[in-house]
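protein_18.txt, holding compact mmCIF, C-alpha atoms and all ligand atoms:
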```
# COMPACT_ATOMS: atom_id res chain seq x y z
CA MET L 3 0.00 0.00 0.00
CA ASN L 4 1.66 3.27 -1.07
CA SER L 5 1.54 6.39 1.14
CA GLN L 6 -1.36 8.02 -0.74
CA THR L 7 -3.49 4.88 -0.59
CA LEU L 8 -2.64 4.43 3.08
CA HIS L 9 -3.66 8.01 3.82
CA GLU L 10 -6.98 7.56 2.01
CA GLN L 11 -7.61 4.27 3.78
CA SER L 12 -6.79 5.87 7.10
CA GLN L 13 -9.35 8.60 6.40
CA ALA L 14 -11.93 5.98 5.45
CA LEU L 15 -11.39 4.23 8.78
CA GLU L 16 -11.97 7.39 10.84
CA GLY L 17 -15.63 6.57 11.49
CA GLN L 18 -15.03 2.89 12.15
CA SER L 19 -14.98 1.15 15.51
CA PRO L 20 -11.66 -0.10 16.94
CA GLU L 21 -12.83 -3.67 16.29
CA ASP L 22 -13.44 -2.86 12.60
CA ILE L 23 -10.05 -1.16 12.35
CA LEU L 24 -8.42 -4.25 13.85
CA ARG L 25 -10.32 -6.47 11.39
CA PHE L 26 -9.04 -4.34 8.51
CA ALA L 27 -5.49 -4.52 9.84
CA PHE L 28 -5.55 -8.29 10.34
CA GLU L 29 -6.91 -8.77 6.78
CA HIS L 30 -4.35 -6.51 5.10
CA PHE L 31 -1.13 -7.06 7.07
CA PRO L 32 -0.11 -10.69 7.57
CA LYS L 33 2.91 -9.94 9.75
CA ILE L 34 1.32 -7.87 12.49
CA ALA L 35 1.78 -7.52 16.25
CA ILE L 36 0.30 -5.53 19.11
CA SER L 37 2.65 -3.84 21.54
CA THR L 38 1.41 -2.99 24.99
CA ALA L 39 2.64 -1.97 28.40
CA PHE L 40 -0.76 -3.09 29.77
CA GLY L 41 -2.16 0.34 30.38
CA PRO L 42 -5.96 0.57 30.13
CA GLU L 43 -5.88 1.03 26.34
CA GLY L 44 -3.50 -1.87 25.78
CA CYS L 45 -5.64 -4.19 27.89
CA ALA L 46 -8.73 -3.15 25.89
CA LEU L 47 -6.93 -3.70 22.58
CA VAL L 48 -5.67 -7.14 23.52
CA ALA L 49 -9.14 -8.15 24.72
CA MET L 50 -10.67 -7.03 21.40
CA ALA L 51 -7.98 -8.53 19.24
CA ALA L 52 -7.92 -11.88 21.01
CA GLY L 53 -11.49 -12.47 19.87
CA LEU L 54 -10.62 -11.65 16.26
CA LYS L 55 -7.30 -13.37 15.69
CA PRO L 56 -6.51 -16.66 17.43
CA ASP L 57 -2.80 -16.49 16.51
CA LEU L 58 -2.51 -12.95 17.82
CA ARG L 59 1.07 -11.83 18.45
CA VAL L 60 1.47 -9.51 21.44
CA PHE L 61 4.75 -8.18 22.70
CA THR L 62 5.68 -6.10 25.70
CA ILE L 63 8.86 -4.51 26.97
CA ASP L 64 10.03 -5.38 30.48
CA THR L 65 12.33 -2.54 31.51
CA ASP L 66 13.27 -4.34 34.76
CA PHE L 67 11.73 -1.33 36.51
CA LEU L 68 8.08 -2.39 36.32
CA PHE L 69 5.68 -2.31 39.24
CA PRO L 70 4.89 -5.83 40.53
CA GLU L 71 1.23 -5.08 39.78
CA SER L 72 2.11 -4.55 36.10
CA VAL L 73 3.92 -7.89 35.88
CA GLN L 74 1.00 -9.64 37.59
CA LEU L 75 -1.44 -7.98 35.18
CA ARG L 76 0.44 -9.45 32.23
CA ALA L 77 -0.16 -12.95 33.66
CA ARG L 78 -3.83 -12.19 34.31
CA ILE L 79 -4.31 -11.05 30.70
CA GLU L 80 -2.52 -14.14 29.36
CA ALA L 81 -4.72 -16.42 31.44
CA LYS L 82 -7.99 -14.67 30.58
CA TYR L 83 -7.42 -14.48 26.80
CA GLY L 84 -5.37 -17.64 26.28
CA ILE L 85 -2.40 -15.84 24.80
CA THR L 86 1.32 -15.89 25.44
CA VAL L 87 2.85 -12.44 25.56
CA GLU L 88 6.35 -12.10 24.12
CA VAL L 89 8.51 -10.28 26.68
CA LEU L 90 11.54 -8.32 25.47
CA ARG L 91 14.24 -6.68 27.54
CA GLY L 92 17.03 -4.30 26.63
CA GLU L 93 20.24 -5.84 25.32
CA VAL L 94 22.11 -3.88 28.00
CA THR L 95 21.41 -5.48 31.37
CA ILE L 96 20.70 -3.40 34.45
CA ALA L 97 24.10 -4.39 35.85
CA GLU L 98 25.84 -3.18 32.69
CA GLN L 99 23.75 -0.03 32.60
CA ASN L 100 24.67 0.71 36.23
CA ARG L 101 28.35 0.12 35.50
CA ARG L 102 28.41 2.33 32.40
CA PHE L 103 26.02 5.11 33.37
CA GLY L 104 25.56 4.97 37.16
CA VAL L 105 22.95 3.30 39.31
CA ARG L 106 20.21 5.92 38.92
CA LEU L 107 20.24 6.65 35.21
CA PHE L 108 16.47 7.08 35.48
CA GLU L 109 17.24 10.26 37.44
CA SER L 110 20.37 11.52 35.69
CA ASP L 111 19.27 10.93 32.07
CA THR L 112 15.77 9.61 31.47
CA ASN L 113 16.23 9.81 27.69
CA GLN L 114 19.26 7.48 27.81
CA CYS L 115 17.51 5.13 30.22
CA CYS L 116 14.37 4.95 28.06
CA ALA L 117 16.51 4.47 24.95
CA LEU L 118 18.24 1.45 26.50
CA ARG L 119 15.32 -0.08 28.36
CA LYS L 120 12.37 0.69 26.03
CA VAL L 121 13.30 1.92 22.57
CA GLU L 122 16.09 -0.54 21.76
CA PRO L 123 13.99 -3.67 22.45
CA THR L 124 11.03 -2.13 20.61
CA ARG L 125 13.18 -1.57 17.51
CA ARG L 126 14.12 -5.26 17.62
CA ALA L 127 10.53 -6.41 18.07
CA LEU L 128 9.40 -4.49 14.98
CA VAL L 129 11.95 -6.06 12.61
CA GLY L 130 10.19 -8.10 9.95
CA LEU L 131 6.68 -6.81 10.69
CA ASP L 132 4.29 -5.34 8.12
CA ALA L 133 2.26 -3.59 10.80
CA TRP L 134 2.40 -2.61 14.44
CA VAL L 135 -0.75 -2.00 16.50
CA ALA L 136 -0.52 0.46 19.38
CA GLY L 137 -3.03 1.58 22.00
CA ILE L 138 -2.55 5.34 21.90
CA ARG L 139 -5.27 8.01 21.80
CA ARG L 140 -5.27 11.53 20.34
CA ASP L 141 -6.59 13.09 23.53
CA GLN L 142 -3.89 11.64 25.80
CA SER L 143 -1.43 14.47 25.21
CA SER L 144 -0.40 17.16 22.76
CA THR L 145 2.32 14.80 21.46
CA ARG L 146 -0.41 12.37 20.34
CA ALA L 147 -2.99 14.84 19.05
CA GLU L 148 -2.03 14.38 15.38
CA ILE L 149 -1.79 10.59 15.18
CA ALA L 150 -3.53 8.93 12.23
CA ILE L 151 -5.33 5.61 12.30
CA LEU L 152 -2.85 4.26 9.76
CA GLU L 153 0.66 5.72 9.64
CA SER L 154 3.61 4.88 7.41
CA TYR L 155 7.20 4.55 8.61
CA ASP L 156 10.54 3.32 7.31
CA GLN L 157 12.36 0.86 9.53
CA PRO L 158 16.11 1.36 10.03
CA ASP L 159 16.77 -1.41 7.46
CA GLY L 160 14.67 0.49 4.88
CA SER L 161 11.61 -1.77 5.01
CA SER L 162 8.15 -0.24 5.38
CA LEU L 163 6.07 -0.45 8.51
CA VAL L 164 2.46 0.59 9.02
CA LYS L 165 1.48 1.68 12.50
CA VAL L 166 -2.16 1.08 13.33
CA ASN L 167 -3.83 3.18 16.03
CA PRO L 168 -7.34 1.71 16.42
CA LEU L 169 -8.08 3.81 19.54
CA ALA L 170 -7.02 7.15 18.02
CA ASN L 171 -10.55 8.54 18.37
CA TRP L 172 -11.33 7.07 21.77
CA THR L 173 -11.48 9.09 24.97
CA ARG L 174 -10.42 7.97 28.44
CA LYS L 175 -14.12 7.47 29.18
CA ASP L 176 -14.53 5.18 26.15
CA THR L 177 -11.60 3.09 27.36
CA TRP L 178 -12.98 2.65 30.84
CA LYS L 179 -16.47 1.85 29.54
CA TYR L 180 -15.01 -0.93 27.42
CA LEU L 181 -12.90 -2.32 30.27
CA LEU L 182 -15.77 -2.36 32.74
CA ASP L 183 -18.47 -3.57 30.30
CA ASN L 184 -16.24 -6.43 29.18
CA GLU L 185 -14.65 -7.24 32.56
CA VAL L 186 -11.17 -6.75 31.15
CA PRO L 187 -8.43 -7.05 33.81
CA TYR L 188 -6.64 -3.77 34.52
CA ASN L 189 -3.85 -2.55 36.78
CA PRO L 190 -5.09 -2.09 40.39
CA LEU L 191 -2.79 0.95 40.71
CA LEU L 192 -5.32 2.77 38.51
CA ASP L 193 -7.71 2.60 41.45
CA SER L 194 -5.05 4.16 43.73
CA GLY L 195 -4.52 7.58 42.16
CA TYR L 196 -2.37 6.61 39.16
CA LYS L 197 -3.71 7.56 35.73
CA SER L 198 -0.84 6.32 33.54
CA ILE L 199 1.61 3.66 34.64
CA GLY L 200 5.15 3.12 33.44
CA CYS L 201 8.31 2.27 35.40
CA TRP L 202 8.18 2.71 39.17
CA PRO L 203 11.02 5.28 39.37
CA CYS L 204 9.27 7.58 36.88
CA THR L 205 5.57 7.22 37.74
CA GLN L 206 3.61 9.05 40.42
CA PRO L 207 -0.04 9.19 41.42
CA VAL L 208 -1.82 12.38 40.34
CA ALA L 209 -4.75 14.51 41.47
CA ALA L 210 -8.18 13.76 40.03
CA ASP L 211 -8.11 16.84 37.78
CA ASP L 212 -4.48 16.42 36.62
CA ASP L 213 -3.67 15.52 33.02
CA GLU L 214 -3.62 11.83 32.30
CA ARG L 215 0.15 11.66 31.80
CA ALA L 216 1.12 14.28 34.41
CA GLY L 217 2.44 11.57 36.72
CA ARG L 218 5.05 10.35 34.24
CA TRP L 219 8.66 11.62 34.54
CA GLY L 220 7.54 14.31 36.98
CA GLY L 221 6.05 16.21 34.07
CA HIS L 222 9.54 16.72 32.52
CA LYS L 223 8.70 14.87 29.32
CA ALA L 224 5.65 13.29 27.77
CA GLU L 225 7.05 10.42 25.70
CA CYS L 226 9.62 7.69 26.34
CA GLY L 227 10.54 7.48 22.65
CA ILE L 228 8.73 4.29 21.65
CA HIS L 229 6.16 6.30 19.71
CA THR L 230 8.54 8.94 18.42
CA PHE L 231 11.82 7.24 17.48
CA MET L 232 10.82 6.72 13.83
CA GLU L 233 10.00 9.57 11.51
CA ARG L 234 6.46 9.32 10.16
CA LYS L 235 6.16 9.41 6.35
CA ALA L 236 2.36 9.63 6.06
FE1 LIG L 301 14.20 4.28 32.76
FE2 LIG L 301 12.20 5.72 33.78
FE3 LIG L 301 12.42 5.37 31.13
FE4 LIG L 301 11.71 3.35 32.72
S1 LIG L 301 10.54 5.26 32.30
S2 LIG L 301 13.14 3.26 31.06
S3 LIG L 301 12.99 3.75 34.54
S4 LIG L 301 13.83 6.51 32.49
```
Is it possible to give me this structure as structure tokens?
Ligand code: SF4
Amino acid sequence: MNSQTLHEQSQALEGQSPEDILRFAFEHFPKIAISTAFGPEGCALVAMAAGLKPDLRVFTIDTDFLFPESVQLRARIEAKYGITVEVLRGEVTIAEQNRRFGVRLFESDTNQCCALRKVEPTRRALVGLDAWVAGIRRDQSSTRAEIAILESYDQPDGSSLVKVNPLANWTRKDTWKYLLDNEVPYNPLLDSGYKSIGCWPCTQPVAADDDERAGRWGGHKAECGIHTFMERKA
């Protein structure tokens, strides 16, 4: 699918439900995977997709700094939907990271830490894929306001990759309605003042009227790099 066709198809999918967007993606892209850190949107996406594609491939990144509740949630999702989640870690171990950069890189240089612990394994997971499904929404932050339902990227090896954002048009309320209506497991920390959950050193609970991602990195940055490391073509 060339960039113009992809753009037109993305526009045509704007009024479609996330399930219909997933159906389209599964029909058109044989080598496809969902990535998730098991936030509310990722849990909803996996629940939807598991009913549509029995051989669903799901991968997640374990940074070695996850909350125990997040690791337990992964197992709950696997058990409920009968899937095995592929878990990737950075090539640089925590011990090596500590030796090379100091023991609290997550304080001294969050960009370097995220690059090693999140972006590098994500790059590896995407190699060979036609399409990558992500659970991001336009209203989560200004950095996500312009996402398209279908986006085109070039991988570092020159191959093409389509990113599929089935929840682009959803709101936080839509996500929670789906989770509760469908009894989808979610992270119990979300009932304890957290609105967005990443690694424990960089995630704080927030006030009820705070922005959804205000508790990440103390408000110093909005993205870890997973959704921004490739330049979008269309
Ligand atoms: Fe490191 Fe924090 Fe990024 Fe996790 S979110 S990879 S701990 S800087």
Once you count only C-alpha atoms and all ligand atoms, what closest atom pair and distance in Å to one decimal does each residue of chain L within 12 Å of ligand LIG 301 (chain L) have, with rows by chain and rising residue number, as CSV?
```
residue,atom,partner,partner_atom,distance
L:Ala39,CA,L:LIG301,FE4,11.4
L:Ile63,CA,L:LIG301,S2,9.8
L:Asp64,CA,L:LIG301,FE4,9.2
L:Thr65,CA,L:LIG301,S2,5.9
L:Asp66,CA,L:LIG301,S3,8.1
L:Phe67,CA,L:LIG301,S3,5.6
L:Leu68,CA,L:LIG301,FE4,7.7
L:Phe69,CA,L:LIG301,FE4,10.5
L:Arg91,CA,L:LIG301,S2,10.6
L:Gly92,CA,L:LIG301,S2,9.6
L:Val94,CA,L:LIG301,S2,11.9
L:Ile96,CA,L:LIG301,FE1,10.2
L:Gln99,CA,L:LIG301,FE1,10.5
L:Asn100,CA,L:LIG301,FE1,11.6
L:Phe103,CA,L:LIG301,FE1,11.9
L:Val105,CA,L:LIG301,FE1,11.0
L:Arg106,CA,L:LIG301,S3,8.7
L:Leu107,CA,L:LIG301,FE1,6.9
L:Phe108,CA,L:LIG301,S4,4.0
L:Glu109,CA,L:LIG301,S4,7.1
L:Ser110,CA,L:LIG301,S4,8.8
L:Asp111,CA,L:LIG301,S4,7.0
L:Thr112,CA,L:LIG301,S4,3.8
L:Asn113,CA,L:LIG301,S4,6.3
L:Gln114,CA,L:LIG301,S4,7.2
L:Cys115,CA,L:LIG301,FE1,4.3
L:Cys116,CA,L:LIG301,S2,3.7
L:Ala117,CA,L:LIG301,S2,7.1
L:Leu118,CA,L:LIG301,S2,7.1
L:Arg119,CA,L:LIG301,S2,4.8
L:Lys120,CA,L:LIG301,S2,5.7
L:Val121,CA,L:LIG301,S2,8.6
L:Glu122,CA,L:LIG301,S2,10.5
L:Pro123,CA,L:LIG301,S2,11.1
L:Thr124,CA,L:LIG301,S2,11.9
L:Ser198,CA,L:LIG301,S1,11.5
L:Ile199,CA,L:LIG301,S1,9.4
L:Gly200,CA,L:LIG301,S1,5.9
L:Cys201,CA,L:LIG301,FE4,4.5
L:Trp202,CA,L:LIG301,S3,6.8
L:Pro203,CA,L:LIG301,S3,5.4
L:Cys204,CA,L:LIG301,FE2,4.7
L:Thr205,CA,L:LIG301,S1,7.6
L:Gln206,CA,L:LIG301,S1,11.3
L:Gly217,CA,L:LIG301,S1,11.2
L:Arg218,CA,L:LIG301,S1,7.7
L:Trp219,CA,L:LIG301,FE2,6.9
L:Gly220,CA,L:LIG301,FE2,10.3
L:Gly221,CA,L:LIG301,S1,12.0
L:His222,CA,L:LIG301,S4,11.1
L:Lys223,CA,L:LIG301,S1,10.2
L:Ala224,CA,L:LIG301,S1,10.4
L:Glu225,CA,L:LIG301,S1,9.1
L:Cys226,CA,L:LIG301,FE3,6.0
L:Gly227,CA,L:LIG301,FE3,8.9
L:Ile228,CA,L:LIG301,FE3,10.2
```
Let me see the file: selected residues, C-alpha atoms, as a CSV table (one decimal), in the coordinates of the input.
```
chain,number,residue,atom,x,y,z
L,39,ALA,CA,2.6,-2.0,28.4
L,63,ILE,CA,8.9,-4.5,27.0
L,64,ASP,CA,10.0,-5.4,30.5
L,65,THR,CA,12.3,-2.5,31.5
L,66,ASP,CA,13.3,-4.3,34.8
L,67,PHE,CA,11.7,-1.3,36.5
L,68,LEU,CA,8.1,-2.4,36.3
L,69,PHE,CA,5.7,-2.3,39.2
L,91,ARG,CA,14.2,-6.7,27.5
L,92,GLY,CA,17.0,-4.3,26.6
L,94,VAL,CA,22.1,-3.9,28.0
L,96,ILE,CA,20.7,-3.4,34.4
L,99,GLN,CA,23.8,0.0,32.6
L,100,ASN,CA,24.7,0.7,36.2
L,103,PHE,CA,26.0,5.1,33.4
L,105,VAL,CA,23.0,3.3,39.3
L,106,ARG,CA,20.2,5.9,38.9
L,107,LEU,CA,20.2,6.6,35.2
L,108,PHE,CA,16.5,7.1,35.5
L,109,GLU,CA,17.2,10.3,37.4
L,110,SER,CA,20.4,11.5,35.7
L,111,ASP,CA,19.3,10.9,32.1
L,112,THR,CA,15.8,9.6,31.5
L,113,ASN,CA,16.2,9.8,27.7
L,114,GLN,CA,19.3,7.5,27.8
L,115,CYS,CA,17.5,5.1,30.2
L,116,CYS,CA,14.4,5.0,28.1
L,117,ALA,CA,16.5,4.5,25.0
L,118,LEU,CA,18.2,1.4,26.5
L,119,ARG,CA,15.3,-0.1,28.4
L,120,LYS,CA,12.4,0.7,26.0
L,121,VAL,CA,13.3,1.9,22.6
L,122,GLU,CA,16.1,-0.5,21.8
L,123,PRO,CA,14.0,-3.7,22.4
L,124,THR,CA,11.0,-2.1,20.6
L,198,SER,CA,-0.8,6.3,33.5
L,199,ILE,CA,1.6,3.7,34.6
L,200,GLY,CA,5.2,3.1,33.4
L,201,CYS,CA,8.3,2.3,35.4
L,202,TRP,CA,8.2,2.7,39.2
L,203,PRO,CA,11.0,5.3,39.4
L,204,CYS,CA,9.3,7.6,36.9
L,205,THR,CA,5.6,7.2,37.7
L,206,GLN,CA,3.6,9.0,40.4
L,217,GLY,CA,2.4,11.6,36.7
L,218,ARG,CA,5.0,10.4,34.2
L,219,TRP,CA,8.7,11.6,34.5
L,220,GLY,CA,7.5,14.3,37.0
L,221,GLY,CA,6.0,16.2,34.1
L,222,HIS,CA,9.5,16.7,32.5
L,223,LYS,CA,8.7,14.9,29.3
L,224,ALA,CA,5.6,13.3,27.8
L,225,GLU,CA,7.0,10.4,25.7
L,226,CYS,CA,9.6,7.7,26.3
L,227,GLY,CA,10.5,7.5,22.6
L,228,ILE,CA,8.7,4.3,21.6
```
**OP:** Quick one: pull the distance between CA of Ser161 in chain L and CA of Gln142 in chain L, Å, one decimal.
**Re:** 29.2 Å
Original post:
So which one's closest to Leu163 in chain L, L:Ala51, L:Leu8, L:Leu90, L:Ile79? Using all atoms listed in the file, please.
Top reply: L:Leu8
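Going from CA of Glu153 in chain L over to CA of Arg59 in chain L, you cover 19.6 Å.
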Subject >> Straight-line distance linking CA of Pro168 in chain L with CA of Pro20 in chain L, stated in Å to one decimal >> reply: 4.7 Å
Subject >> Selection: 9 Å around range 149-152 of chain L, only C-alpha atoms, excl. self and same-chain fewer than 2 positions, as a ChimeraX atom specification >> reply: /L:8-9,11-13,15-16,23,138-140,145-147,154,164-171,236
Could you add the missing atoms to range 147-170 of chain L, up to N, CA, C and O atoms, and return them as a compact mmCIF listing (two decimals), keeping the file's coordinate frame?
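Saved to part-v1.txt:
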```txt
# COMPACT_ATOMS: atom_id res chain seq x y z
N ALA L 147 -1.78 14.23 19.61
CA ALA L 147 -2.99 14.84 19.05
C ALA L 147 -3.11 14.63 17.54
O ALA L 147 -4.22 14.65 17.00
N GLU L 148 -1.99 14.46 16.84
CA GLU L 148 -2.03 14.38 15.38
C GLU L 148 -1.87 12.95 14.85
O GLU L 148 -1.63 12.77 13.66
N ILE L 149 -1.99 11.96 15.70
CA ILE L 149 -1.79 10.59 15.18
C ILE L 149 -2.89 10.25 14.19
O ILE L 149 -4.03 10.72 14.31
N ALA L 150 -2.55 9.42 13.20
CA ALA L 150 -3.53 8.93 12.23
C ALA L 150 -3.89 7.50 12.60
O ALA L 150 -3.19 6.84 13.37
N ILE L 151 -4.97 7.01 12.03
CA ILE L 151 -5.33 5.61 12.30
C ILE L 151 -4.33 4.68 11.63
O ILE L 151 -3.91 3.69 12.22
N LEU L 152 -3.91 5.01 10.43
CA LEU L 152 -2.85 4.26 9.76
C LEU L 152 -1.70 5.23 9.48
O LEU L 152 -1.93 6.29 8.89
N GLU L 153 -0.51 4.87 9.87
CA GLU L 153 0.66 5.72 9.64
C GLU L 153 1.75 4.90 8.96
O GLU L 153 1.87 3.69 9.20
N SER L 154 2.55 5.58 8.16
CA SER L 154 3.61 4.88 7.41
C SER L 154 4.98 5.29 7.93
O SER L 154 5.25 6.48 8.14
N TYR L 155 5.83 4.31 8.13
CA TYR L 155 7.20 4.55 8.61
C TYR L 155 8.19 3.71 7.81
O TYR L 155 7.82 2.68 7.23
N ASP L 156 9.44 4.14 7.81
CA ASP L 156 10.54 3.32 7.31
C ASP L 156 11.30 2.77 8.49
O ASP L 156 11.68 3.52 9.39
N GLN L 157 11.53 1.47 8.48
CA GLN L 157 12.36 0.86 9.53
C GLN L 157 13.83 1.21 9.25
O GLN L 157 14.19 1.59 8.13
N PRO L 158 14.69 1.05 10.25
CA PRO L 158 16.11 1.36 10.03
C PRO L 158 16.73 0.58 8.87
O PRO L 158 17.65 1.06 8.20
N ASP L 159 16.21 -0.63 8.58
CA ASP L 159 16.77 -1.41 7.46
C ASP L 159 16.14 -1.01 6.12
O ASP L 159 16.42 -1.63 5.09
N GLY L 160 15.25 0.01 6.13
CA GLY L 160 14.67 0.49 4.88
C GLY L 160 13.31 -0.12 4.56
O GLY L 160 12.62 0.34 3.65
N SER L 161 12.92 -1.16 5.28
CA SER L 161 11.61 -1.77 5.01
C SER L 161 10.49 -0.88 5.55
O SER L 161 10.71 -0.05 6.43
N SER L 162 9.30 -1.08 4.99
CA SER L 162 8.15 -0.24 5.38
C SER L 162 7.41 -0.86 6.55
O SER L 162 7.34 -2.08 6.68
N LEU L 163 6.86 -0.01 7.36
CA LEU L 163 6.07 -0.45 8.51
C LEU L 163 4.85 0.44 8.61
O LEU L 163 4.96 1.67 8.56
N VAL L 164 3.68 -0.18 8.77
CA VAL L 164 2.46 0.59 9.02
C VAL L 164 2.16 0.50 10.51
O VAL L 164 2.17 -0.58 11.09
N LYS L 165 1.92 1.66 11.10
CA LYS L 165 1.48 1.68 12.50
C LYS L 165 -0.04 1.87 12.51
O LYS L 165 -0.56 2.74 11.80
N VAL L 166 -0.70 1.05 13.27
CA VAL L 166 -2.16 1.08 13.33
C VAL L 166 -2.57 1.56 14.72
O VAL L 166 -2.16 0.98 15.73
N ASN L 167 -3.37 2.60 14.76
CA ASN L 167 -3.83 3.18 16.03
C ASN L 167 -5.36 3.07 16.12
O ASN L 167 -6.07 4.05 15.89
N PRO L 168 -5.89 1.90 16.47
CA PRO L 168 -7.34 1.71 16.42
C PRO L 168 -8.10 2.58 17.43
O PRO L 168 -9.28 2.83 17.25
N LEU L 169 -7.41 3.03 18.50
CA LEU L 169 -8.08 3.81 19.54
C LEU L 169 -7.85 5.31 19.39
O LEU L 169 -8.12 6.08 20.32
N ALA L 170 -7.36 5.73 18.22
CA ALA L 170 -7.02 7.15 18.02
C ALA L 170 -8.18 8.06 18.43
O ALA L 170 -7.97 9.11 19.03
```
